[in-house]
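With compact mmCIF, C-alpha atoms inside, this is upload26.txt:
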# COMPACT_ATOMS: atom_id res chain seq x y z
CA MET A 1 62.17 110.88 2.58
CA ASN A 2 62.13 112.42 -0.90
CA ARG A 3 62.02 109.38 -3.10
CA PRO A 4 60.77 109.56 -6.66
CA LYS A 5 57.26 108.24 -7.13
CA ILE A 6 57.45 106.11 -10.24
CA ALA A 7 54.68 103.86 -11.48
CA ILE A 8 56.28 100.51 -12.27
CA LYS A 9 54.82 98.54 -15.17
CA LYS A 10 54.11 94.90 -14.49
CA SER A 11 56.08 92.44 -16.57
CA LYS A 12 54.58 89.24 -17.96
CA PHE A 13 56.21 87.44 -15.04
CA ASP A 14 54.52 89.79 -12.54
CA LYS A 15 51.12 89.32 -14.17
CA SER A 16 51.59 85.54 -14.29
CA ILE A 17 52.52 85.40 -10.62
CA GLU A 18 49.44 87.41 -9.67
CA ILE A 19 47.18 85.15 -11.75
CA LEU A 20 48.73 81.98 -10.29
CA SER A 21 48.34 83.37 -6.77
CA PHE A 22 44.69 84.10 -7.37
CA LEU A 23 44.17 80.63 -8.88
CA MET A 24 45.80 79.00 -5.83
CA LEU A 25 43.44 80.84 -3.49
CA VAL A 26 40.43 79.97 -5.66
CA GLY A 27 41.71 76.38 -5.79
CA SER A 28 41.81 76.27 -1.99
CA VAL A 29 38.19 77.35 -1.82
CA ALA A 30 37.23 74.91 -4.59
CA ILE A 31 38.75 71.85 -2.91
CA ILE A 32 37.05 72.77 0.36
CA LEU A 33 33.71 73.01 -1.47
CA ILE A 34 34.28 69.76 -3.37
CA TYR A 35 35.39 67.62 -0.43
CA SER A 36 33.52 69.22 2.46
CA SER A 37 30.69 66.70 2.43
CA GLN A 38 33.15 63.75 2.41
CA LEU A 39 35.23 64.96 5.36
CA PRO A 40 34.74 63.86 8.96
CA GLU A 41 33.64 66.54 11.42
CA LYS A 42 37.11 66.54 13.06
CA LEU A 43 40.25 66.53 10.95
CA PRO A 44 43.93 67.49 11.33
CA ILE A 45 44.47 71.23 11.06
CA TYR A 46 47.99 72.25 10.00
CA PHE A 47 47.83 75.92 10.82
CA ASN A 48 47.68 77.64 14.15
CA THR A 49 44.25 78.61 15.41
CA PRO A 50 42.91 78.86 18.95
CA LEU A 51 39.85 76.87 17.88
CA LYS A 52 41.66 73.58 17.25
CA ASP A 53 42.07 70.95 19.95
CA SER A 54 45.33 70.42 21.80
CA ASP A 55 45.84 67.27 19.73
CA GLY A 56 45.88 69.30 16.46
CA PHE A 57 42.36 68.44 15.32
CA GLY A 58 39.59 70.88 14.60
CA ASN A 59 36.15 71.14 13.11
CA LYS A 60 36.13 70.97 9.31
CA SER A 61 34.69 74.49 9.21
CA LEU A 62 38.14 75.75 10.31
CA LEU A 63 39.37 74.98 6.80
CA TRP A 64 37.67 78.21 5.70
CA GLU A 65 39.87 80.34 7.96
CA LEU A 66 43.01 79.81 5.92
CA PRO A 67 41.82 80.96 2.46
CA ILE A 68 39.97 83.92 3.95
CA ILE A 69 42.84 85.19 6.12
CA LEU A 70 45.59 84.49 3.61
CA GLY A 71 43.46 85.86 0.77
CA ILE A 72 43.19 89.15 2.66
CA ILE A 73 46.96 89.15 3.29
CA VAL A 74 47.73 88.48 -0.38
CA PHE A 75 45.35 91.27 -1.45
CA ILE A 76 47.08 93.71 0.95
CA ILE A 77 50.50 92.64 -0.34
CA TYR A 78 49.45 93.25 -3.94
CA LYS A 79 48.04 96.67 -3.11
CA LEU A 80 51.20 97.51 -1.18
CA SER A 81 53.38 96.49 -4.13
CA GLN A 82 51.91 99.44 -6.06
CA TYR A 83 53.67 101.90 -3.72
CA PRO A 84 57.34 100.82 -3.70
CA TRP A 85 58.64 104.25 -2.67
CA ILE A 86 57.36 103.66 0.89
CA PHE A 87 59.47 100.50 1.45
CA ASN A 88 62.72 100.22 3.34
CA TYR A 89 65.77 99.51 1.20
CA PRO A 90 69.32 98.45 2.07
CA ILE A 91 70.61 101.28 -0.13
CA LYS A 92 69.83 104.95 -0.69
CA ILE A 93 67.17 105.41 -3.36
CA LYS A 94 68.03 108.04 -5.95
CA PRO A 95 66.34 108.92 -9.25
CA GLU A 96 68.93 106.90 -11.19
CA ASN A 97 68.38 103.67 -9.21
CA ALA A 98 64.74 104.05 -8.22
CA GLU A 99 63.14 102.21 -11.13
CA TYR A 100 65.35 99.13 -10.77
CA ASN A 101 64.87 98.90 -6.99
CA TYR A 102 61.16 99.62 -7.13
CA LYS A 103 60.70 96.92 -9.77
CA LEU A 104 62.61 94.36 -7.72
CA SER A 105 60.84 95.16 -4.46
CA SER A 106 57.39 95.12 -6.08
CA GLN A 107 58.22 91.83 -7.74
CA MET A 108 59.45 90.43 -4.42
CA LEU A 109 56.09 91.23 -2.84
CA ARG A 110 54.25 89.54 -5.70
CA VAL A 111 56.43 86.44 -5.34
CA LEU A 112 55.82 86.45 -1.58
CA GLY A 113 52.10 86.71 -2.30
CA PHE A 114 52.44 83.65 -4.51
CA ALA A 115 54.33 81.82 -1.76
CA ILE A 116 51.53 82.65 0.69
CA SER A 117 48.91 81.45 -1.81
CA PHE A 118 50.91 78.26 -2.33
CA THR A 119 51.05 77.83 1.45
CA CYS A 120 47.28 78.26 1.67
CA PHE A 121 46.65 75.71 -1.06
CA SER A 122 49.18 73.23 0.34
CA LEU A 123 47.93 73.38 3.92
CA THR A 124 44.30 73.17 2.83
CA LEU A 125 45.04 70.22 0.56
CA THR A 126 47.09 68.49 3.28
CA SER A 127 44.30 68.88 5.84
CA ILE A 128 41.71 67.55 3.40
CA LEU A 129 43.86 64.59 2.28
CA ASN A 130 44.61 63.67 5.87
CA GLY A 131 40.93 64.00 6.74
CA LEU A 132 40.20 61.54 3.94
CA GLY A 133 42.89 59.17 5.22
CA TYR A 134 45.72 59.89 2.74
CA TYR A 135 49.28 61.22 2.97
CA GLU A 136 49.93 61.17 6.69
CA GLU A 137 53.56 62.31 6.30
CA LEU A 138 53.06 65.11 3.79
CA ALA A 139 52.94 67.89 6.40
CA SER A 140 56.38 67.00 7.81
CA TYR A 141 57.94 67.67 4.38
CA LEU A 142 55.86 70.72 3.66
CA SER A 143 56.74 72.82 6.74
CA PRO A 144 60.51 73.20 6.11
CA PHE A 145 59.87 73.92 2.43
CA ILE A 146 57.35 76.68 3.18
CA ILE A 147 59.55 78.24 5.86
CA GLY A 148 62.51 78.21 3.46
CA LEU A 149 60.38 79.75 0.75
CA LEU A 150 59.03 82.57 2.92
CA PHE A 151 62.49 83.49 4.24
CA GLY A 152 64.44 82.72 1.08
CA ILE A 153 62.49 85.01 -1.25
CA PRO A 154 63.35 88.27 0.58
CA ILE A 155 66.97 87.16 0.96
CA VAL A 156 67.31 86.50 -2.78
CA TYR A 157 65.81 89.86 -3.70
CA MET A 158 67.96 91.66 -1.11
CA ILE A 159 71.04 90.07 -2.67
CA LEU A 160 69.90 91.19 -6.15
CA ILE A 161 69.55 94.78 -4.93
CA LEU A 162 72.95 94.73 -3.24
CA ILE A 163 74.68 93.13 -6.25
CA LYS A 164 73.36 95.87 -8.53
CA LYS A 165 74.48 98.52 -6.03
CA ASN A 166 78.01 97.09 -5.90
CA TYR A 167 78.14 96.77 -9.69
CA VAL A 168 77.13 100.41 -10.16
CA GLN A 169 79.64 101.62 -7.54
CA GLN A 170 82.49 99.72 -9.21
CA ARG A 171 81.71 101.29 -12.59
CA LEU A 172 81.86 104.83 -11.15
Please re-express this file's structure in structure tokens.
Amino acid sequence: MNRPKIAIKKSKFDKSIEILSFLMLVGSVAIILIYSSQLPEKLPIYFNTPLKDSDGFGNKSLLWELPIILGIIVFIIYKLSQYPWIFNYPIKIKPENAEYNYKLSSQMLRVLGFAISFTCFSLTLTSILNGLGYYEELASYLSPFIIGLLFGIPIVYMILILIKKNYVQQRL
């Protein structure tokens, strides 16, 4: 695999997405710190963990799992986005198309990192609000949206790569 190793500059959009992702993770930690003393010992947990009860409730200390685990995942995704030449692509990467494809794939990872940070914040907020007695139905609306987001982002970027490929082939 002899792909060109090109350092891709981050656009303003890329930098903004990274900052927003970081703020979402920090926000998750902040709302846990702010509301921890007001929460009951057992509250609804909206993410899968072996430590929650069969009825979906868990100790409020489980809220810390989500920002820690997803924060590590987001950090790994951002580090990985710096090496786009190691990714799999639906097209052959050549010097003339490398920069475009590397930029798109790195941006896709940053947007996925944002989606994961949004998921962390949303699930943490939902668990806290439900623990405080608010918004019982919020989680039922949130799940399909998050699933659509996590699957939709790679599909959109794959389509962008393939559209560019077809456009270039038609011009030749």
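Counting from CA of Ser61 (chain A), the distance to CA of Gly133 (chain A) is 17.8 Å.
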* Work out how far CA of Cys120 (chain A) is from CA of Ser37 (chain A), in Å to one decimal. => 20.2 Å
Could I get the residues of region 111-159 of chain A with an atom no further than 12 Å from an atom of region 85-95 of chain A, each paired with its nearest atom pair and that distance in Å to one decimal, using all atoms listed in the file, sorted by chain and residue number, as a tab-separated table?
residue	atom	partner	partner_atom	distance
A:Pro154	CA	A:Tyr89	CA	11.5
A:Ile155	CA	A:Pro90	CA	11.6
A:Tyr157	CA	A:Tyr89	CA	10.8
A:Met158	CA	A:Pro90	CA	7.6
A:Ile159	CA	A:Pro90	CA	9.8
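In this model, the gap between CA of Lys15 (chain A) and CA of Gln107 (chain A) comes to 9.9 Å.
Between Leu123 (chain A) and the candidates A:Leu62, A:Ile19, A:Ile76, A:Ser105, the tightest atom-to-atom separation, counting only C-alpha atoms, involves A:Leu62.
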Counting all atoms listed in the file, which residues of region 17-98 of chain A sit at most 9 Å from some atom of region 129-132 of chain A, and what is each one's closest atom pair with its distance in Å to one decimal, listed by chain and rising residue number, as JSON lines?
{"residue": "A:Tyr35", "atom": "CA", "partner": "A:Leu132", "partner_atom": "CA", "distance": 8.9}
{"residue": "A:Gln38", "atom": "CA", "partner": "A:Leu132", "partner_atom": "CA", "distance": 7.5}
{"residue": "A:Leu39", "atom": "CA", "partner": "A:Gly131", "partner_atom": "CA", "distance": 5.9}
{"residue": "A:Pro40", "atom": "CA", "partner": "A:Gly131", "partner_atom": "CA", "distance": 6.6}
{"residue": "A:Lys42", "atom": "CA", "partner": "A:Gly131", "partner_atom": "CA", "distance": 7.8}
{"residue": "A:Leu43", "atom": "CA", "partner": "A:Gly131", "partner_atom": "CA", "distance": 5.0}
{"residue": "A:Pro44", "atom": "CA", "partner": "A:Gly131", "partner_atom": "CA", "distance": 6.5}
{"residue": "A:Lys60", "atom": "CA", "partner": "A:Gly131", "partner_atom": "CA", "distance": 8.8}
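You can rank A:Leu33, A:Leu104, A:Leu63, A:Ile69 by their closest distance to Leu162 (chain A) using all atoms listed in the file, and at the top of that list sits A:Leu104.
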Report, as AutoDock Vina command-line options, the axis-aligned box around all atoms of region 76-93 of chain A present in the file, extended by 4 Å on each side; give centre and edge lengths in Å to one decimal place.
--center_x 58.8 --center_y 99.0 --center_z -1.4 --size_x 31.5 --size_y 20.8 --size_z 17.4
